[in-house]
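This report refers to the structure that appears directly beneath it.
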Amino acid sequence: MPNYAVYGGCLRSVVPIPELRPMGGERDPSWVFEIASGEAPILDSAHVVGQDELLQDVHATLLRAPTTVRLQFDDTGIFDVRDEGNRIVWYPKDGAQPDVARADLVGRVLPLVQHDRGLLALHASAVCIDGQAIGFMAPKNYGKSSLAMSLVTGHGGKLLTDDTLIVSPSTGVAAPGVHSVRLWSETASRFDGLGAGRQVLSEKQIFEQLPDESLEFHEAPIAALYTLVPTPGDSPAAVRREALDGFAATMAIVQYQKLGALLAGQDAARVFDKAASLATRTPVYTLEVARDFARLPDAAQSLVHWHSLG
């Protein structure tokens, strides 16, 4: 089975995962991903932790049992996490789309495993500048990937991860994650010269093979976290930031924890504690960004100015 690098570890998968970068050589995997046949077993003493609506009429449910953590998706089936998080078994639902199942694995199941190991999973993209990472937290369609790509293509940044950022709340160090980037087709056309292996998927395009010199493969300290706030394209400044302190910084991080309403009860309390710990050592800002692609290079240049060590 091939090995892939993701979230600072090694995923051994029974199926190819083109969104992730293969790892060569003999390595002990951090996680093993398998596909099972038949029905998923009944979990004894299981309790529902939380449920989240991913799309209209598509929900995910998190259950915990003494020896198994289960993520159940309406569209792709059941993912059981066993052996203290080292083994992931997928029970596919009939008609499940492989690309959607891979997105569930990489975007929710593995972040859940990292959450259980004490790390914090954020809905964010991150770029390294002079060896330090800056993360952009935002909902879908707020432009975090576009801003990250602008830093990579024109300003010497290196992509640490797209869409999911795994960070240690006790050290403020982030792990390299997913190096493929998904953009709306209109936006993707502005980065035509970057990377090979582009996949067209409905209204979006995926850059699956960005050049190695545009990527960061090592852990990096987080220099700042930004919550993106889009502003009209004719705003006076291409970008403007405002620092958040204390409780506001903590709640900004909590708002963009990756797993949403799946983490309720005691899990939600753990997220808050981790966010508070991270907020004490990592600057957090709101970042107003003009919604005009032509002004994106100016916004990126300001970020480089703020974070360059040179």
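Residue names in the structure tokens use chain letters A, B, ... in the order shown, residue numbers from 1 in each chain, and ligand numbers from 1 in the order shown.
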
Do a neighbour search on A:Leu43 at 10 Å with only C-alpha atoms, toss out local chain neighbours closer than 2 positions, and write the hits as a PyMOL selection string.
chain A and resi 40-41+45-47+63-70

Put those residues in a file: all heavy atoms, as a short mmCIF file (atom, residue, chain, number, x, y, z; two decimals), in the first residue's frame.
data_model
loop_
_atom_site.label_atom_id
_atom_site.label_comp_id
_atom_site.auth_asym_id
_atom_site.auth_seq_id
_atom_site.Cartn_x
_atom_site.Cartn_y
_atom_site.Cartn_z
N ALA A 40 -21.06 -2.33 8.85
CA ALA A 40 -20.23 -1.94 9.99
C ALA A 40 -20.77 -2.61 11.26
O ALA A 40 -21.98 -2.78 11.42
CB ALA A 40 -20.23 -0.43 10.16
N PRO A 41 -19.89 -3.01 12.16
CA PRO A 41 -20.35 -3.67 13.39
C PRO A 41 -21.12 -2.70 14.28
O PRO A 41 -20.91 -1.50 14.26
CB PRO A 41 -19.05 -4.13 14.05
CG PRO A 41 -18.02 -3.18 13.54
CD PRO A 41 -18.42 -2.86 12.13
N SER A 45 -22.10 0.21 23.83
CA SER A 45 -21.91 1.35 24.75
C SER A 45 -21.51 2.62 24.01
O SER A 45 -20.79 3.47 24.57
CB SER A 45 -20.86 1.01 25.81
OG SER A 45 -21.21 -0.16 26.52
N ALA A 46 -21.96 2.78 22.77
CA ALA A 46 -21.63 3.98 22.01
C ALA A 46 -22.57 5.12 22.40
O ALA A 46 -23.74 4.90 22.72
CB ALA A 46 -21.73 3.71 20.53
N HIS A 47 -22.06 6.34 22.35
CA HIS A 47 -22.90 7.51 22.56
C HIS A 47 -22.60 8.55 21.48
O HIS A 47 -21.48 8.65 21.00
CB HIS A 47 -22.70 8.11 23.96
CG HIS A 47 -21.37 8.74 24.16
ND1 HIS A 47 -20.24 8.01 24.51
CD2 HIS A 47 -20.95 10.04 24.08
CE1 HIS A 47 -19.21 8.82 24.64
NE2 HIS A 47 -19.62 10.06 24.38
N LEU A 63 -19.71 9.40 16.93
CA LEU A 63 -20.04 8.54 18.05
C LEU A 63 -18.74 8.06 18.70
O LEU A 63 -17.73 7.85 18.02
CB LEU A 63 -20.84 7.31 17.60
CG LEU A 63 -22.17 7.56 16.89
CD1 LEU A 63 -21.98 7.53 15.39
CD2 LEU A 63 -23.19 6.51 17.30
N ARG A 64 -18.79 7.89 20.00
CA ARG A 64 -17.65 7.34 20.74
C ARG A 64 -18.08 6.08 21.48
O ARG A 64 -19.14 6.04 22.10
CB ARG A 64 -17.09 8.36 21.72
CG ARG A 64 -16.40 9.56 21.06
CD ARG A 64 -15.59 10.36 22.08
NE ARG A 64 -14.97 11.52 21.49
CZ ARG A 64 -13.80 11.51 20.85
NH1 ARG A 64 -13.16 10.35 20.71
NH2 ARG A 64 -13.29 12.61 20.35
N ALA A 65 -17.24 5.05 21.41
CA ALA A 65 -17.41 3.81 22.15
C ALA A 65 -16.09 3.52 22.85
O ALA A 65 -15.07 4.18 22.58
CB ALA A 65 -17.80 2.67 21.20
N PRO A 66 -16.05 2.56 23.76
CA PRO A 66 -14.82 2.32 24.53
C PRO A 66 -13.57 2.09 23.69
O PRO A 66 -12.48 2.55 24.06
CB PRO A 66 -15.18 1.08 25.36
CG PRO A 66 -16.66 1.19 25.56
CD PRO A 66 -17.19 1.76 24.28
N THR A 67 -13.69 1.39 22.55
CA THR A 67 -12.49 1.08 21.76
C THR A 67 -12.54 1.63 20.35
O THR A 67 -11.61 1.42 19.57
CB THR A 67 -12.28 -0.44 21.67
OG1 THR A 67 -13.40 -1.05 21.03
CG2 THR A 67 -12.08 -1.04 23.06
N THR A 68 -13.60 2.36 19.99
CA THR A 68 -13.78 2.83 18.62
C THR A 68 -14.38 4.22 18.61
O THR A 68 -15.27 4.53 19.40
CB THR A 68 -14.70 1.88 17.82
OG1 THR A 68 -14.15 0.56 17.83
CG2 THR A 68 -14.86 2.34 16.38
N VAL A 69 -13.87 5.06 17.71
CA VAL A 69 -14.50 6.35 17.41
C VAL A 69 -15.07 6.24 16.01
O VAL A 69 -14.38 5.79 15.08
CB VAL A 69 -13.48 7.50 17.49
CG1 VAL A 69 -14.16 8.82 17.16
CG2 VAL A 69 -12.86 7.57 18.87
N ARG A 70 -16.32 6.61 15.84
CA ARG A 70 -17.00 6.43 14.54
C ARG A 70 -17.49 7.77 14.00
O ARG A 70 -18.16 8.53 14.71
CB ARG A 70 -18.17 5.48 14.69
CG ARG A 70 -19.06 5.34 13.44
CD ARG A 70 -20.06 4.22 13.58
NE ARG A 70 -19.37 2.91 13.52
CZ ARG A 70 -19.99 1.73 13.63
NH1 ARG A 70 -21.31 1.69 13.82
NH2 ARG A 70 -19.30 0.61 13.54
#

Can you list, as a ChimeraX atom specification, every residue of stretch 56-136 of chain A that DSSP puts in strand (DSSP E or B)?
/A:58-64,69-73,77-82,87-92,120-129,132-136

For A:Glu26, work out the shell of residues within 12 Å, counting only C-alpha atoms and skipping chain neighbours fewer than 2 positions away, then give it as a ChimeraX atom specification.
/A:1-4,10,12,23-24,28-29

When DSSP works through the backbone of this structure, what residues of stretch 80-258 of chain A end up as alpha helix (DSSP H), shown as a PyMOL selection string?
chain A and resi 98-104+110-116+144-154+185-188+246-255

Using only N, CA and C atoms, please write the residues we just selected to a file, as a CSV table (one decimal), in the first residue's frame.
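Generated output (again_14.csv):
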chain,number,residue,atom,x,y,z
A,98,PRO,N,-15.8,8.2,-4.7
A,98,PRO,CA,-14.5,8.1,-4.1
A,98,PRO,C,-13.9,9.4,-3.7
A,99,ASP,N,-14.1,10.5,-4.5
A,99,ASP,CA,-13.5,11.8,-4.2
A,99,ASP,C,-14.1,12.4,-3.0
A,100,VAL,N,-15.4,12.2,-2.8
A,100,VAL,CA,-16.0,12.7,-1.6
A,100,VAL,C,-15.6,11.9,-0.4
A,101,ALA,N,-15.4,10.6,-0.5
A,101,ALA,CA,-14.9,9.8,0.6
A,101,ALA,C,-13.5,10.2,1.0
A,102,ARG,N,-12.7,10.5,0.0
A,102,ARG,CA,-11.3,10.9,0.3
A,102,ARG,C,-11.3,12.3,1.0
A,103,ALA,N,-12.2,13.2,0.6
A,103,ALA,CA,-12.4,14.5,1.3
A,103,ALA,C,-12.8,14.3,2.8
A,104,ASP,N,-13.7,13.3,3.0
A,104,ASP,CA,-14.1,13.0,4.4
A,104,ASP,C,-12.9,12.5,5.2
A,110,LEU,N,-9.1,12.3,9.7
A,110,LEU,CA,-7.8,12.6,10.2
A,110,LEU,C,-7.7,13.8,11.2
A,111,PRO,N,-8.3,14.9,10.9
A,111,PRO,CA,-8.4,15.9,11.9
A,111,PRO,C,-9.0,15.5,13.2
A,112,LEU,N,-10.0,14.6,13.2
A,112,LEU,CA,-10.5,14.1,14.5
A,112,LEU,C,-9.5,13.3,15.2
A,113,VAL,N,-8.7,12.5,14.5
A,113,VAL,CA,-7.7,11.7,15.2
A,113,VAL,C,-6.7,12.7,15.8
A,114,GLN,N,-6.3,13.7,15.1
A,114,GLN,CA,-5.3,14.7,15.7
A,114,GLN,C,-5.9,15.4,16.8
A,115,HIS,N,-7.2,15.7,16.8
A,115,HIS,CA,-7.9,16.3,17.9
A,115,HIS,C,-7.8,15.4,19.2
A,116,ASP,N,-8.0,14.1,19.0
A,116,ASP,CA,-7.9,13.2,20.1
A,116,ASP,C,-6.5,13.1,20.6
A,144,LYS,N,-9.5,32.3,1.2
A,144,LYS,CA,-8.3,31.9,1.9
A,144,LYS,C,-7.3,31.2,1.0
A,145,SER,N,-7.8,30.3,0.1
A,145,SER,CA,-6.9,29.6,-0.8
A,145,SER,C,-6.4,30.6,-1.8
A,146,SER,N,-7.2,31.5,-2.3
A,146,SER,CA,-6.7,32.5,-3.3
A,146,SER,C,-5.6,33.4,-2.7
A,147,LEU,N,-5.8,33.8,-1.5
A,147,LEU,CA,-4.8,34.6,-0.8
A,147,LEU,C,-3.5,33.8,-0.6
A,148,ALA,N,-3.7,32.6,-0.2
A,148,ALA,CA,-2.5,31.7,0.0
A,148,ALA,C,-1.7,31.5,-1.4
A,149,MET,N,-2.5,31.3,-2.4
A,149,MET,CA,-1.8,31.1,-3.7
A,149,MET,C,-1.2,32.4,-4.2
A,150,SER,N,-1.7,33.5,-3.9
A,150,SER,CA,-1.1,34.8,-4.3
A,150,SER,C,0.2,35.0,-3.6
A,151,LEU,N,0.3,34.6,-2.3
A,151,LEU,CA,1.6,34.7,-1.6
A,151,LEU,C,2.6,33.7,-2.2
A,152,VAL,N,2.1,32.5,-2.6
A,152,VAL,CA,3.0,31.5,-3.2
A,152,VAL,C,3.6,31.9,-4.6
A,153,THR,N,2.7,32.4,-5.4
A,153,THR,CA,3.1,32.6,-6.8
A,153,THR,C,3.9,33.9,-7.0
A,154,GLY,N,3.6,34.9,-6.2
A,154,GLY,CA,4.3,36.2,-6.5
A,154,GLY,C,5.1,36.8,-5.4
A,185,SER,N,-13.1,27.8,-10.8
A,185,SER,CA,-12.4,27.8,-12.1
A,185,SER,C,-12.0,29.2,-12.6
A,186,GLU,N,-12.8,30.2,-12.3
A,186,GLU,CA,-12.5,31.6,-12.7
A,186,GLU,C,-11.2,32.1,-12.0
A,187,THR,N,-11.1,31.7,-10.7
A,187,THR,CA,-9.9,32.1,-9.9
A,187,THR,C,-8.7,31.3,-10.4
A,188,ALA,N,-8.9,30.0,-10.6
A,188,ALA,CA,-7.8,29.1,-11.0
A,188,ALA,C,-7.2,29.6,-12.3
A,246,GLY,N,-7.1,38.3,24.1
A,246,GLY,CA,-7.8,37.5,25.2
A,246,GLY,C,-8.9,36.7,24.6
A,247,PHE,N,-10.1,36.9,25.2
A,247,PHE,CA,-11.3,36.1,24.9
A,247,PHE,C,-11.7,36.2,23.4
A,248,ALA,N,-11.6,37.4,22.8
A,248,ALA,CA,-11.9,37.5,21.4
A,248,ALA,C,-11.0,36.7,20.5
A,249,ALA,N,-9.7,36.6,20.8
A,249,ALA,CA,-8.8,35.8,20.1
A,249,ALA,C,-9.1,34.3,20.2
A,250,THR,N,-9.4,33.9,21.5
A,250,THR,CA,-9.8,32.5,21.7
A,250,THR,C,-11.0,32.1,20.9
A,251,MET,N,-12.0,33.0,21.0
A,251,MET,CA,-13.3,32.7,20.3
A,251,MET,C,-13.1,32.7,18.8
A,252,ALA,N,-12.2,33.5,18.2
A,252,ALA,CA,-12.0,33.5,16.8
A,252,ALA,C,-11.4,32.1,16.4
A,253,ILE,N,-10.5,31.6,17.2
A,253,ILE,CA,-9.9,30.2,17.0
A,253,ILE,C,-11.0,29.2,17.1
A,254,VAL,N,-11.8,29.2,18.1
A,254,VAL,CA,-12.9,28.3,18.3
A,254,VAL,C,-13.9,28.3,17.2
A,255,GLN,N,-14.2,29.4,16.7
A,255,GLN,CA,-15.1,29.6,15.6
A,255,GLN,C,-14.7,28.8,14.3
